[in-house]
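So this block is input04.cif, mmCIF, C-alpha atoms:
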data_final
loop_
_atom_site.label_atom_id
_atom_site.label_comp_id
_atom_site.auth_asym_id
_atom_site.auth_seq_id
_atom_site.Cartn_x
_atom_site.Cartn_y
_atom_site.Cartn_z
CA MET A 238 -17.48 11.63 -75.83
CA VAL A 239 -14.47 13.85 -75.18
CA ALA A 240 -16.80 16.71 -74.33
CA VAL A 241 -18.60 14.59 -71.72
CA ARG A 242 -15.33 13.64 -70.05
CA ARG A 243 -14.31 17.30 -69.92
CA ALA A 244 -17.63 18.19 -68.26
CA ILE A 245 -17.35 15.49 -65.61
CA ALA A 246 -13.73 16.22 -64.70
CA PRO A 247 -14.43 19.42 -62.67
CA LEU A 248 -17.08 17.54 -60.70
CA LEU A 249 -14.63 14.78 -59.83
CA LEU A 250 -12.01 17.30 -58.78
CA ALA A 251 -14.46 19.20 -56.55
CA GLY A 252 -15.57 15.98 -54.87
CA ALA A 253 -12.00 15.00 -54.10
CA LEU A 254 -11.25 18.39 -52.55
CA LEU A 255 -14.40 18.29 -50.43
CA LEU A 256 -13.64 14.85 -48.95
CA THR A 257 -10.03 15.79 -48.31
CA GLY A 258 -11.19 18.81 -46.33
CA CYS A 259 -13.36 16.60 -44.05
CA GLU A 260 -10.41 14.40 -43.15
CA GLU A 261 -8.31 17.41 -42.11
CA ASP A 262 -11.10 18.74 -39.90
CA THR A 263 -11.13 15.53 -37.91
CA PRO A 264 -8.95 15.95 -34.80
CA ALA A 265 -6.08 13.52 -34.39
CA ALA A 266 -7.21 12.64 -30.86
CA PRO A 267 -10.58 13.12 -29.04
CA ALA A 268 -10.96 16.60 -27.58
CA PRO A 269 -12.33 17.07 -24.06
CA ALA A 270 -15.04 19.44 -25.30
CA PRO A 271 -18.30 17.98 -26.75
CA VAL A 272 -18.01 17.00 -30.42
CA VAL A 273 -20.05 19.12 -32.84
CA THR A 274 -21.43 17.09 -35.78
CA ARG A 275 -21.31 18.81 -39.16
CA THR A 276 -23.52 17.70 -42.05
CA VAL A 277 -21.85 17.66 -45.48
CA THR A 278 -24.05 17.60 -48.59
CA PRO A 279 -22.75 14.87 -50.93
CA THR A 280 -21.68 15.81 -54.41
CA PRO A 281 -23.37 14.21 -57.42
CA ALA A 282 -20.28 12.11 -58.06
CA THR A 283 -18.80 9.71 -55.49
CA VAL A 284 -15.03 9.85 -55.32
CA THR A 285 -12.76 7.85 -53.03
CA PRO A 286 -9.88 10.03 -51.82
CA SER A 287 -6.40 8.78 -52.51
CA PRO A 288 -4.46 7.34 -49.55
CA SER A 289 -2.13 10.33 -49.53
CA SER A 290 -5.07 12.68 -48.87
CA VAL A 291 -6.11 10.95 -45.63
CA ALA A 292 -4.43 12.21 -42.46
CA PRO A 293 -2.76 9.30 -40.60
CA PRO A 294 -4.09 8.57 -37.09
CA ALA A 295 -2.12 10.17 -34.29
CA PRO A 296 0.04 7.68 -32.39
CA PRO A 297 -1.06 6.94 -28.82
CA SER A 298 0.57 9.12 -26.21
CA SER A 299 3.63 7.35 -24.81
CA ALA A 300 4.79 10.11 -22.50
CA PRO A 301 5.29 8.64 -19.01
CA PRO A 302 3.82 10.29 -15.92
CA VAL A 303 6.01 12.94 -14.33
CA ALA A 304 6.91 10.61 -11.45
CA SER A 305 7.40 7.52 -13.61
CA GLY A 306 10.44 5.55 -12.52
CA LYS A 307 10.47 6.93 -9.00
CA VAL A 308 10.55 4.53 -6.06
CA VAL A 309 8.87 5.21 -2.72
CA VAL A 310 9.14 2.97 0.33
CA LEU A 311 6.23 3.13 2.76
CA ASP A 312 6.79 1.91 6.30
CA PRO A 313 3.53 1.18 8.19
CA GLY A 314 4.49 1.36 11.86
CA HIS A 315 4.43 -1.77 14.05
CA ASN A 316 2.53 -4.97 13.09
CA GLY A 317 -0.52 -6.92 14.21
CA GLY A 318 1.41 -9.91 15.58
CA ASN A 319 3.91 -7.95 17.66
CA GLY A 320 1.88 -8.08 20.86
CA SER A 321 1.78 -11.88 20.90
CA HIS A 322 5.53 -12.28 20.26
CA PRO A 323 7.28 -10.32 23.02
CA SER A 324 10.57 -12.22 22.85
CA GLU A 325 10.94 -11.48 19.16
CA ILE A 326 10.16 -7.80 19.26
CA ASN A 327 12.13 -7.15 22.45
CA ARG A 328 15.46 -8.51 21.20
CA LEU A 329 18.01 -5.76 20.67
CA VAL A 330 19.09 -4.71 17.19
CA PRO A 331 21.37 -1.95 15.85
CA ALA A 332 19.73 1.47 15.90
CA GLY A 333 22.51 3.72 14.61
CA ARG A 334 24.82 6.17 16.44
CA GLY A 335 26.25 3.21 18.37
CA GLN A 336 22.87 2.44 19.95
CA THR A 337 20.78 -0.70 20.16
CA LYS A 338 17.03 -0.77 20.60
CA PRO A 339 14.25 -3.36 20.77
CA CYS A 340 13.46 -4.87 17.39
CA ASN A 341 9.99 -3.29 17.35
CA THR A 342 7.08 -2.35 19.62
CA THR A 343 3.36 -2.97 19.76
CA GLY A 344 2.40 0.64 19.14
CA THR A 345 -0.43 2.48 20.82
CA SER A 346 -4.22 2.55 20.36
CA THR A 347 -7.25 4.74 20.88
CA ASN A 348 -9.03 4.55 24.23
CA ALA A 349 -11.66 2.46 22.45
CA GLY A 350 -9.03 -0.06 21.38
CA TYR A 351 -8.42 0.78 17.74
CA PRO A 352 -4.72 -0.13 17.31
CA GLU A 353 -2.01 1.96 15.75
CA HIS A 354 -0.77 -0.95 13.62
CA ALA A 355 -4.19 -1.22 11.93
CA PHE A 356 -4.32 2.54 11.35
CA THR A 357 -0.83 2.71 9.83
CA TRP A 358 -1.47 -0.32 7.63
CA ASP A 359 -4.71 1.09 6.24
CA VAL A 360 -3.31 4.56 5.62
CA SER A 361 -0.17 3.15 3.97
CA GLN A 362 -2.25 1.05 1.58
CA ARG A 363 -4.27 4.11 0.60
CA VAL A 364 -1.13 6.17 0.07
CA GLY A 365 0.41 3.39 -2.00
CA GLU A 366 -2.63 3.10 -4.24
CA ALA A 367 -2.57 6.84 -4.93
CA LEU A 368 1.14 6.84 -5.75
CA SER A 369 0.94 3.72 -7.92
CA ALA A 370 -1.76 5.41 -9.99
CA LYS A 371 0.79 8.14 -10.80
CA GLY A 372 3.39 5.69 -12.09
CA ILE A 373 5.41 5.53 -8.88
CA ARG A 374 6.77 2.15 -7.78
CA VAL A 375 5.77 1.52 -4.18
CA VAL A 376 7.55 -0.85 -1.80
CA TYR A 377 6.19 -1.72 1.66
CA THR A 378 8.35 -2.69 4.62
CA ARG A 379 5.70 -5.24 5.65
CA GLN A 380 3.22 -7.16 3.54
CA ASN A 381 0.31 -7.64 5.94
CA ASP A 382 -1.04 -6.61 9.34
CA THR A 383 -0.83 -10.02 11.00
CA GLY A 384 2.91 -10.64 11.12
CA VAL A 385 5.75 -9.77 13.49
CA GLY A 386 8.18 -6.93 12.92
CA PRO A 387 10.18 -6.42 10.84
CA CYS A 388 12.81 -4.93 13.14
CA VAL A 389 13.75 -1.28 12.79
CA ASP A 390 17.08 -2.11 11.15
CA LYS A 391 15.31 -4.24 8.53
CA ARG A 392 12.82 -1.48 7.84
CA ALA A 393 15.66 0.93 7.16
CA ALA A 394 17.34 -1.66 4.94
CA ALA A 395 14.18 -1.94 2.83
CA GLY A 396 14.50 1.68 1.77
CA ASN A 397 18.25 1.41 1.23
CA ASP A 398 18.00 -1.77 -0.84
CA ALA A 399 15.25 -0.29 -3.02
CA ASN A 400 17.38 2.81 -3.66
CA ALA A 401 14.24 4.73 -2.75
CA ASP A 402 13.73 8.31 -3.85
CA ALA A 403 11.77 8.81 -0.61
CA VAL A 404 10.98 6.74 2.47
CA VAL A 405 8.03 7.67 4.65
CA SER A 406 7.29 5.91 7.92
CA ILE A 407 3.66 6.28 9.05
CA HIS A 408 2.74 6.26 12.74
CA ALA A 409 0.37 7.69 15.33
CA ASP A 410 1.19 8.85 18.84
CA GLY A 411 -0.35 7.93 22.19
CA SER A 412 0.11 10.77 24.68
CA ASN A 413 -2.07 11.00 27.77
CA SER A 414 -1.13 14.63 28.36
CA PRO A 415 -4.31 16.70 28.71
CA GLY A 416 -5.14 18.47 25.45
CA ALA A 417 -2.25 16.88 23.53
CA ASN A 418 -3.09 16.82 19.83
CA GLY A 419 -1.74 17.39 16.37
CA PHE A 420 0.72 15.77 13.98
CA HIS A 421 4.47 16.13 13.74
CA VAL A 422 7.14 14.94 11.33
CA ALA A 423 10.43 13.52 12.62
CA TYR A 424 13.75 13.53 10.79
CA SER A 425 17.27 12.41 11.66
CA SER A 426 19.39 15.10 13.33
CA PRO A 427 22.27 15.63 13.29
CA PRO A 428 22.46 13.90 9.91
CA LEU A 429 24.72 10.88 9.55
CA ASN A 430 24.99 11.03 5.75
CA ALA A 431 24.13 13.26 2.83
CA ALA A 432 20.63 11.82 2.37
CA GLN A 433 19.76 12.63 5.99
CA GLY A 434 20.74 16.26 5.39
CA PRO A 435 18.85 18.60 3.05
CA PRO A 436 16.93 15.83 1.20
CA SER A 437 15.40 14.45 4.40
CA THR A 438 14.70 17.83 5.94
CA ARG A 439 13.04 18.94 2.69
CA LEU A 440 10.91 15.78 2.70
CA ALA A 441 9.92 16.45 6.32
CA GLN A 442 9.06 20.07 5.60
CA THR A 443 7.01 19.13 2.54
CA LEU A 444 5.05 16.59 4.58
CA ARG A 445 4.48 19.18 7.29
CA ASP A 446 3.39 21.89 4.89
CA THR A 447 1.08 19.67 2.85
CA MET A 448 -0.60 18.13 5.88
CA ARG A 449 -1.15 21.55 7.38
CA THR A 450 -2.63 22.77 4.10
CA GLY A 451 -4.83 19.66 4.14
CA GLY A 452 -6.47 20.76 7.37
CA PHE A 453 -4.35 18.99 10.01
CA SER A 454 -3.03 20.89 13.01
CA VAL A 455 0.61 20.69 14.04
CA SER A 456 1.42 19.11 17.37
CA ASN A 457 1.08 21.25 20.49
CA TYR A 458 3.20 18.93 22.64
CA ILE A 459 6.08 17.51 20.55
CA GLY A 460 8.64 19.29 18.38
CA GLY A 461 8.22 22.79 17.06
CA ASN A 462 6.01 24.00 14.25
CA GLY A 463 5.22 20.43 13.23
CA LEU A 464 8.84 19.24 12.96
CA SER A 465 10.85 17.13 15.39
CA ALA A 466 14.61 16.56 15.06
CA ARG A 467 15.47 13.11 16.43
CA SER A 468 18.69 11.18 17.02
CA ASP A 469 17.14 8.13 18.73
CA LEU A 470 15.00 6.54 15.99
CA GLY A 471 16.72 3.53 14.44
CA GLY A 472 14.73 3.60 11.21
CA LEU A 473 15.88 7.17 10.57
CA ASN A 474 19.46 6.74 11.80
CA LEU A 475 20.17 3.71 9.60
CA SER A 476 18.69 5.12 6.41
CA THR A 477 20.89 6.14 3.49
CA ARG A 478 17.89 7.47 1.55
CA PRO A 479 15.75 10.60 2.12
CA ILE A 480 13.45 9.64 4.99
CA ALA A 481 10.89 11.13 7.39
CA LEU A 482 8.50 9.73 9.97
CA VAL A 483 4.96 11.10 10.26
CA GLU A 484 3.16 10.89 13.59
CA CYS A 485 -0.32 11.58 12.21
CA GLY A 486 -1.82 12.64 15.50
CA ASN A 487 -2.57 11.59 19.07
CA MET A 488 -4.75 8.49 19.27
CA ARG A 489 -5.61 9.31 22.89
CA ASN A 490 -7.19 12.61 21.89
CA ALA A 491 -10.92 12.04 21.39
CA ALA A 492 -11.30 14.15 18.26
CA GLU A 493 -8.22 12.75 16.57
CA ALA A 494 -9.10 9.20 17.61
CA ALA A 495 -12.49 9.56 15.94
CA ARG A 496 -10.87 10.76 12.74
CA MET A 497 -8.32 7.94 12.71
CA SER A 498 -10.97 5.32 13.43
CA SER A 499 -13.10 6.23 10.42
CA ALA A 500 -12.43 5.24 6.83
CA GLU A 501 -13.14 8.80 5.73
CA GLY A 502 -10.61 10.16 8.19
CA ARG A 503 -7.93 7.68 7.15
CA GLN A 504 -8.48 8.67 3.54
CA GLN A 505 -7.90 12.30 4.51
CA PHE A 506 -4.57 11.40 6.11
CA ALA A 507 -3.60 9.28 3.11
CA SER A 508 -4.50 11.97 0.57
CA ALA A 509 -2.36 14.55 2.36
CA ILE A 510 0.63 12.22 2.71
CA ALA A 511 0.43 11.08 -0.92
CA ALA A 512 0.20 14.68 -2.13
CA ALA A 513 3.24 15.57 -0.05
CA ILE A 514 5.29 12.71 -1.48
CA GLU A 515 4.30 13.67 -5.02
CA ALA A 516 5.26 17.29 -4.36
CA TYR A 517 8.62 16.22 -2.94
CA LEU A 518 9.40 13.99 -5.92
CA ALA A 519 8.50 16.78 -8.32
CA SER A 520 10.65 19.38 -6.56
#
As structure tokens, the full file:
Amino acid sequence: MVAVRRAIAPLLLAGALLLTGCEEDTPAAPAPAPVVTRTVTPTPATVTPSPSSVAPPAPPSSAPPVASGKVVVLDPGHNGGNGSHPSEINRLVPAGRGQTKPCNTTGTSTNAGYPEHAFTWDVSQRVGEALSAKGIRVVYTRQNDTGVGPCVDKRAAAGNDANADAVVSIHADGSNSPGANGFHVAYSSPPLNAAQGPPSTRLAQTLRDTMRTGGFSVSNYIGGNGLSARSDLGGLNLSTRPIALVECGNMRNAAEAARMSSAEGRQQFASAIAAAIEAYLAS
């Protein structure tokens, strides 16, 4: 009987080693490449490996996205109810640098009647969805496209109150100048605080560069090389956070109007703006 036990022992030991080797070959997490199935011939004896020989499962990845914890405020220009509430949007509010300006305006539209407020709302929602998917908290200065305002001072306050890492105001222009086309990015100048200095100019430049890389042409009628230094925009003047305003193009230009009026075109604008914001936050 002792001799039989001695003969079986090597078989038991070999079986244990073989099963232990299979556990170690199993990756801790699924690999992106196709899985190759290997066939293992069972040994004559069946042996259950001890718990210590089984590799523990890898814990789920808990690393947050690169931009996790960042806050971005998106400001869709104008609002759908502004046109029917002239007394509300025409009242004067603080606009910075000792100025006052009307609370808000109706915005422009394409020659076919597609309004700026609808364009900015749609693009802002698309930008917000892209940023949220990257772990960025997104705050909007308005919650729908049927309301009135908010006034420019309240829009600036939204970014300040959220302690935003970046504030981007989204607009479109309405010039009737022949051949006027292209986008430009406005920033506060001369700066009134530290955030309006290098942080805001860097945000503006990143937006300009990314939109140009995305296939959009810089404006041929406002600013220079796609940038426009402004001292008269209340939303920029009153901000204490890095901020820039994107005029996506001229809605009175036929080619740009067609792009803005299509869902595909609005997605192109949104993709470029979202990529720019991500690049700025990562820099």
Residue with smallest distance to Pro331 of chain A - pool A:Ala431, A:Val310, A:Ala370, A:Cys388, counting all atoms listed in the file
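Closest candidate: A:Cys388.
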List as JSON lines every residue of segment 396-459 of chain A that is in contact with segment 373-376 of chain A, defined as an atom at most 12 Å from one of its atoms (using all atoms listed in the file), together with the nearest atom pair and the distance in Å rounded to one decimal, sorted by chain and then rising number.
{"residue": "A:Gly396", "atom": "CA", "partner": "A:Val376", "partner_atom": "CA", "distance": 8.2}
{"residue": "A:Asn397", "atom": "CA", "partner": "A:Val376", "partner_atom": "CA", "distance": 11.3}
{"residue": "A:Asp398", "atom": "CA", "partner": "A:Val376", "partner_atom": "CA", "distance": 10.5}
{"residue": "A:Ala399", "atom": "CA", "partner": "A:Val376", "partner_atom": "CA", "distance": 7.8}
{"residue": "A:Asn400", "atom": "CA", "partner": "A:Val376", "partner_atom": "CA", "distance": 10.7}
{"residue": "A:Ala401", "atom": "CA", "partner": "A:Val376", "partner_atom": "CA", "distance": 8.8}
{"residue": "A:Asp402", "atom": "CA", "partner": "A:Arg374", "partner_atom": "CA", "distance": 10.1}
{"residue": "A:Ala403", "atom": "CA", "partner": "A:Val375", "partner_atom": "CA", "distance": 10.1}
{"residue": "A:Val404", "atom": "CA", "partner": "A:Val376", "partner_atom": "CA", "distance": 9.4}
{"residue": "A:Val405", "atom": "CA", "partner": "A:Val376", "partner_atom": "CA", "distance": 10.7}
{"residue": "A:Ser406", "atom": "CA", "partner": "A:Val376", "partner_atom": "CA", "distance": 11.8}
With the cut-off set at 12 Å and counting all atoms listed in the file, tabulate each residue of segment 310-397 of chain A with an atom at most that distance from an atom of segment 412-422 of chain A, showing the nearest atom pair and its distance in Å to one decimal, ordered by chain and increasing number, as CSV.
residue,atom,partner,partner_atom,distance
A:Gly344,CA,A:Ser412,CA,11.8
A:Thr345,CA,A:Ser412,CA,9.2
A:Ser346,CA,A:Ser412,CA,10.2
A:Thr347,CA,A:Ser412,CA,10.2
A:Asn348,CA,A:Asn413,CA,10.1
Report, in Å to a single decimal, how far apart atom CA of Glu493 of chain A and atom CA of Tyr351 of chain A are.
12.0 Å
Pick the closest to Ala516 of chain A from A:Val330, A:Ala466, A:Ala393, A:Ala441: which is it, counting all atoms listed in the file?
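That would be A:Ala441, the residue with the smallest distance to Ala516 of chain A.
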Quick one: residues within 7 Å of Asn319 of chain A, all atoms listed in the file, excluding same-chain residues fewer than 4 positions away - as a PyMOL selection string?
chain A and resi 323+326+342-343+385-386
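In this model, the gap between atom CA of Leu440 of chain A and atom CA of Leu475 of chain A comes to 16.7 Å.
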If you count only C-alpha atoms, the residue of A:Thr438, A:Ser305, A:Thr447, A:Ser425 closest to Ala507 of chain A turns out to be A:Thr447
Selected residue, from A:Ser465, A:Ser437, A:Ser499, A:Ser324, that lies nearest to Ile480 of chain A when counting all atoms listed in the file:
A:Ser437
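Across the structure, atom CA of His315 of chain A and atom CA of Arg334 of chain A are spaced 22.0 Å apart.
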Restrict the output to segment 384-412 of chain A and N, CA, C and O atoms, then write it as a PDB file, in the first residue's frame.
ATOM      1  N   GLY A 384     -36.758  80.478 -22.836  1.00  0.00           N
ATOM      2  CA  GLY A 384     -36.837  81.488 -21.795  1.00  0.00           C
ATOM      3  C   GLY A 384     -36.348  82.855 -22.231  1.00  0.00           C
ATOM      4  O   GLY A 384     -36.134  83.122 -23.415  1.00  0.00           O
ATOM      5  N   VAL A 385     -36.173  83.721 -21.244  1.00  0.00           N
ATOM      6  CA  VAL A 385     -35.699  85.093 -21.468  1.00  0.00           C
ATOM      7  C   VAL A 385     -34.379  85.279 -20.733  1.00  0.00           C
ATOM      8  O   VAL A 385     -34.246  84.887 -19.571  1.00  0.00           O
ATOM      9  N   GLY A 386     -33.416  85.899 -21.398  1.00  0.00           N
ATOM     10  CA  GLY A 386     -32.117  86.118 -20.762  1.00  0.00           C
ATOM     11  C   GLY A 386     -31.359  84.800 -20.586  1.00  0.00           C
ATOM     12  O   GLY A 386     -31.498  83.899 -21.408  1.00  0.00           O
ATOM     13  N   PRO A 387     -30.587  84.686 -19.516  1.00  0.00           N
ATOM     14  CA  PRO A 387     -30.345  85.679 -18.478  1.00  0.00           C
ATOM     15  C   PRO A 387     -29.507  86.850 -18.978  1.00  0.00           C
ATOM     16  O   PRO A 387     -28.913  86.790 -20.057  1.00  0.00           O
ATOM     17  N   CYS A 388     -29.473  87.912 -18.178  1.00  0.00           N
ATOM     18  CA  CYS A 388     -28.713  89.102 -18.547  1.00  0.00           C
ATOM     19  C   CYS A 388     -27.215  88.792 -18.562  1.00  0.00           C
ATOM     20  O   CYS A 388     -26.764  87.816 -17.958  1.00  0.00           O
ATOM     21  N   VAL A 389     -26.464  89.655 -19.232  1.00  0.00           N
ATOM     22  CA  VAL A 389     -25.028  89.397 -19.394  1.00  0.00           C
ATOM     23  C   VAL A 389     -24.306  89.343 -18.056  1.00  0.00           C
ATOM     24  O   VAL A 389     -23.341  88.568 -17.897  1.00  0.00           O
ATOM     25  N   ASP A 390     -24.745  90.150 -17.082  1.00  0.00           N
ATOM     26  CA  ASP A 390     -24.075  90.105 -15.778  1.00  0.00           C
ATOM     27  C   ASP A 390     -24.354  88.785 -15.061  1.00  0.00           C
ATOM     28  O   ASP A 390     -23.487  88.244 -14.362  1.00  0.00           O
ATOM     29  N   LYS A 391     -25.545  88.239 -15.240  1.00  0.00           N
ATOM     30  CA  LYS A 391     -25.874  86.954 -14.635  1.00  0.00           C
ATOM     31  C   LYS A 391     -25.127  85.814 -15.312  1.00  0.00           C
ATOM     32  O   LYS A 391     -24.751  84.820 -14.673  1.00  0.00           O
ATOM     33  N   ARG A 392     -24.907  85.935 -16.597  1.00  0.00           N
ATOM     34  CA  ARG A 392     -24.149  84.903 -17.308  1.00  0.00           C
ATOM     35  C   ARG A 392     -22.706  84.870 -16.810  1.00  0.00           C
ATOM     36  O   ARG A 392     -22.133  83.790 -16.615  1.00  0.00           O
ATOM     37  N   ALA A 393     -22.128  86.035 -16.608  1.00  0.00           N
ATOM     38  CA  ALA A 393     -20.771  86.080 -16.058  1.00  0.00           C
ATOM     39  C   ALA A 393     -20.740  85.506 -14.653  1.00  0.00           C
ATOM     40  O   ALA A 393     -19.816  84.759 -14.276  1.00  0.00           O
ATOM     41  N   ALA A 394     -21.767  85.829 -13.857  1.00  0.00           N
ATOM     42  CA  ALA A 394     -21.823  85.328 -12.486  1.00  0.00           C
ATOM     43  C   ALA A 394     -21.904  83.808 -12.436  1.00  0.00           C
ATOM     44  O   ALA A 394     -21.399  83.183 -11.495  1.00  0.00           O
ATOM     45  N   ALA A 395     -22.526  83.191 -13.426  1.00  0.00           N
ATOM     46  CA  ALA A 395     -22.635  81.730 -13.448  1.00  0.00           C
ATOM     47  C   ALA A 395     -21.255  81.084 -13.486  1.00  0.00           C
ATOM     48  O   ALA A 395     -20.996  80.098 -12.786  1.00  0.00           O
ATOM     49  N   GLY A 396     -20.378  81.624 -14.285  1.00  0.00           N
ATOM     50  CA  GLY A 396     -19.013  81.100 -14.340  1.00  0.00           C
ATOM     51  C   GLY A 396     -18.244  81.369 -13.072  1.00  0.00           C
ATOM     52  O   GLY A 396     -17.503  80.514 -12.580  1.00  0.00           O
ATOM     53  N   ASN A 397     -18.417  82.568 -12.521  1.00  0.00           N
ATOM     54  CA  ASN A 397     -17.717  82.928 -11.283  1.00  0.00           C
ATOM     55  C   ASN A 397     -18.179  82.058 -10.124  1.00  0.00           C
ATOM     56  O   ASN A 397     -17.367  81.546  -9.346  1.00  0.00           O
ATOM     57  N   ASP A 398     -19.487  81.894  -9.997  1.00  0.00           N
ATOM     58  CA  ASP A 398     -20.040  81.123  -8.876  1.00  0.00           C
ATOM     59  C   ASP A 398     -19.649  79.646  -8.950  1.00  0.00           C
ATOM     60  O   ASP A 398     -19.510  78.989  -7.914  1.00  0.00           O
ATOM     61  N   ALA A 399     -19.499  79.133 -10.165  1.00  0.00           N
ATOM     62  CA  ALA A 399     -19.123  77.725 -10.332  1.00  0.00           C
ATOM     63  C   ALA A 399     -17.624  77.511 -10.172  1.00  0.00           C
ATOM     64  O   ALA A 399     -17.159  76.365 -10.206  1.00  0.00           O
ATOM     65  N   ASN A 400     -16.881  78.606 -10.004  1.00  0.00           N
ATOM     66  CA  ASN A 400     -15.413  78.514  -9.932  1.00  0.00           C
ATOM     67  C   ASN A 400     -14.878  77.746 -11.135  1.00  0.00           C
ATOM     68  O   ASN A 400     -14.034  76.848 -11.023  1.00  0.00           O
ATOM     69  N   ALA A 401     -15.388  78.106 -12.306  1.00  0.00           N
ATOM     70  CA  ALA A 401     -15.126  77.349 -13.528  1.00  0.00           C
ATOM     71  C   ALA A 401     -13.654  77.374 -13.912  1.00  0.00           C
ATOM     72  O   ALA A 401     -12.964  78.391 -13.767  1.00  0.00           O
ATOM     73  N   ASP A 402     -13.189  76.240 -14.417  1.00  0.00           N
ATOM     74  CA  ASP A 402     -11.835  76.174 -14.961  1.00  0.00           C
ATOM     75  C   ASP A 402     -11.782  76.824 -16.334  1.00  0.00           C
ATOM     76  O   ASP A 402     -10.710  77.242 -16.781  1.00  0.00           O
ATOM     77  N   ALA A 403     -12.929  76.892 -17.011  1.00  0.00           N
ATOM     78  CA  ALA A 403     -13.026  77.564 -18.305  1.00  0.00           C
ATOM     79  C   ALA A 403     -14.482  77.925 -18.552  1.00  0.00           C
ATOM     80  O   ALA A 403     -15.388  77.166 -18.203  1.00  0.00           O
ATOM     81  N   VAL A 404     -14.692  79.094 -19.150  1.00  0.00           N
ATOM     82  CA  VAL A 404     -16.028  79.536 -19.549  1.00  0.00           C
ATOM     83  C   VAL A 404     -15.964  79.833 -21.044  1.00  0.00           C
ATOM     84  O   VAL A 404     -15.092  80.584 -21.499  1.00  0.00           O
ATOM     85  N   VAL A 405     -16.874  79.248 -21.799  1.00  0.00           N
ATOM     86  CA  VAL A 405     -16.909  79.484 -23.235  1.00  0.00           C
ATOM     87  C   VAL A 405     -18.312  79.925 -23.631  1.00  0.00           C
ATOM     88  O   VAL A 405     -19.288  79.204 -23.391  1.00  0.00           O
ATOM     89  N   SER A 406     -18.399  81.097 -24.197  1.00  0.00           N
ATOM     90  CA  SER A 406     -19.664  81.633 -24.690  1.00  0.00           C
ATOM     91  C   SER A 406     -19.748  81.367 -26.190  1.00  0.00           C
ATOM     92  O   SER A 406     -18.803  81.665 -26.933  1.00  0.00           O
ATOM     93  N   ILE A 407     -20.854  80.787 -26.629  1.00  0.00           N
ATOM     94  CA  ILE A 407     -20.997  80.338 -28.019  1.00  0.00           C
ATOM     95  C   ILE A 407     -22.007  81.207 -28.738  1.00  0.00           C
ATOM     96  O   ILE A 407     -23.148  81.362 -28.295  1.00  0.00           O
ATOM     97  N   HIS A 408     -21.575  81.784 -29.855  1.00  0.00           N
ATOM     98  CA  HIS A 408     -22.394  82.717 -30.630  1.00  0.00           C
ATOM     99  C   HIS A 408     -22.208  82.473 -32.121  1.00  0.00           C
ATOM    100  O   HIS A 408     -21.415  81.634 -32.547  1.00  0.00           O
ATOM    101  N   ALA A 409     -22.937  83.259 -32.912  1.00  0.00           N
ATOM    102  CA  ALA A 409     -22.732  83.344 -34.358  1.00  0.00           C
ATOM    103  C   ALA A 409     -22.988  84.793 -34.754  1.00  0.00           C
ATOM    104  O   ALA A 409     -23.769  85.489 -34.106  1.00  0.00           O
ATOM    105  N   ASP A 410     -22.322  85.227 -35.801  1.00  0.00           N
ATOM    106  CA  ASP A 410     -22.402  86.634 -36.197  1.00  0.00           C
ATOM    107  C   ASP A 410     -23.441  86.814 -37.300  1.00  0.00           C
ATOM    108  O   ASP A 410     -23.945  85.844 -37.864  1.00  0.00           O
ATOM    109  N   GLY A 411     -23.735  88.083 -37.618  1.00  0.00           N
ATOM    110  CA  GLY A 411     -24.730  88.371 -38.654  1.00  0.00           C
ATOM    111  C   GLY A 411     -24.354  89.581 -39.483  1.00  0.00           C
ATOM    112  O   GLY A 411     -25.085  90.565 -39.517  1.00  0.00           O
ATOM    113  N   SER A 412     -23.219  89.514 -40.160  1.00  0.00           N
ATOM    114  CA  SER A 412     -22.752  90.637 -40.973  1.00  0.00           C
ATOM    115  C   SER A 412     -23.299  90.554 -42.398  1.00  0.00           C
ATOM    116  O   SER A 412     -23.300  89.482 -43.017  1.00  0.00           O
TER     117      SER A 412
END
